[in-house]
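S.K.: What follows is a single structure, and I will ask about it in a moment.
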Amino acid sequence: MKQNPMQILQFIKASGNPQKFMLNMLQQQSNNPIMANLIQMAQANDEKGIENFARNLMKEQGLDFDKEFNTFKKNLGI
C-alpha cells in the first residue's frame, strides 16, 4: 500500500522528534548498504554528506534539489 506523502509528514511532525523518527526508519533498512551509509552519516551529524547524497539522488532522477527541498520545508511549515 502506497502512503500519501502528506500523511507521512503529519506522522513525522506528530512524533515529536523528526530526526529520531527518520533515523529509526532508516535503521529498518540497514541491510541495504546505501541506507547503512546514510545511518552512519546521520549518527555522525554529517549534514554535508547527507546533503550531497540527496543532491546526487535528485540529480539522477532529473529533479532540482533546491526546488524540491523548499517544497518539502513548505509542507512541514518551516
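Here, A, B, ... name the chains of the C-alpha cells in the order displayed, residue numbers run from 1 inside each chain, and ligands are numbered from 1 in the same displayed order.
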Enumerate, as a tab-separated table (two decimals) with C-alpha atoms, in the first residue's frame, the complete set of residues in chain A that a backbone-based DSSP assignment places in alpha helix (DSSP H).

M.R.:
chain	number	residue	atom	x	y	z
A	5	PRO	CA	3.31	11.92	1.47
A	6	MET	CA	1.22	14.38	3.48
A	7	GLN	CA	0.17	11.59	5.87
A	8	ILE	CA	3.81	10.68	6.35
A	9	LEU	CA	4.74	14.32	7.02
A	10	GLN	CA	1.94	14.63	9.58
A	11	PHE	CA	3.11	11.44	11.28
A	12	ILE	CA	6.69	12.74	11.41
A	13	LYS	CA	5.56	16.06	12.91
A	14	ALA	CA	3.40	14.25	15.49
A	18	PRO	CA	11.56	14.08	13.42
A	19	GLN	CA	15.30	13.35	13.43
A	20	LYS	CA	14.89	10.31	15.69
A	21	PHE	CA	11.86	9.16	13.68
A	22	MET	CA	13.80	9.30	10.41
A	23	LEU	CA	16.85	7.58	11.91
A	24	ASN	CA	14.65	4.74	13.19
A	25	MET	CA	13.07	4.45	9.75
A	26	LEU	CA	16.49	4.25	8.12
A	27	GLN	CA	17.72	1.64	10.60
A	33	PRO	CA	24.46	-0.72	2.15
A	34	ILE	CA	23.28	2.69	0.96
A	35	MET	CA	20.92	3.02	3.92
A	36	ALA	CA	23.66	1.81	6.28
A	37	ASN	CA	25.90	4.58	4.94
A	38	LEU	CA	23.13	7.15	5.46
A	39	ILE	CA	22.65	5.94	9.04
A	40	GLN	CA	26.36	6.35	9.70
A	41	MET	CA	26.28	9.88	8.29
A	42	ALA	CA	23.22	10.75	10.39
A	43	GLN	CA	24.77	9.37	13.58
A	47	GLU	CA	24.97	17.13	7.24
A	48	LYS	CA	27.17	17.86	4.23
A	49	GLY	CA	27.43	14.16	3.34
A	50	ILE	CA	23.68	13.68	3.64
A	51	GLU	CA	23.00	16.78	1.55
A	52	ASN	CA	25.43	15.58	-1.14
A	53	PHE	CA	23.71	12.18	-1.15
A	54	ALA	CA	20.28	13.83	-1.55
A	55	ARG	CA	21.54	16.19	-4.27
A	56	ASN	CA	23.02	13.28	-6.24
A	57	LEU	CA	19.88	11.18	-5.83
A	58	MET	CA	17.68	14.05	-7.06
A	59	LYS	CA	20.03	14.76	-9.95
A	60	GLU	CA	19.86	11.10	-11.05
A	65	PHE	CA	17.22	19.51	-5.14
A	66	ASP	CA	16.77	23.13	-4.06
A	67	LYS	CA	13.26	23.35	-5.52
A	68	GLU	CA	12.19	20.01	-4.03
A	69	PHE	CA	13.71	20.80	-0.62
A	70	ASN	CA	11.95	24.16	-0.49
A	71	THR	CA	8.65	22.43	-1.28
A	72	PHE	CA	9.39	19.86	1.45
A	73	LYS	CA	10.10	22.61	4.02
A	74	LYS	CA	6.95	24.47	2.99
A	75	ASN	CA	4.89	21.31	3.53
A	76	LEU	CA	6.39	20.97	7.01
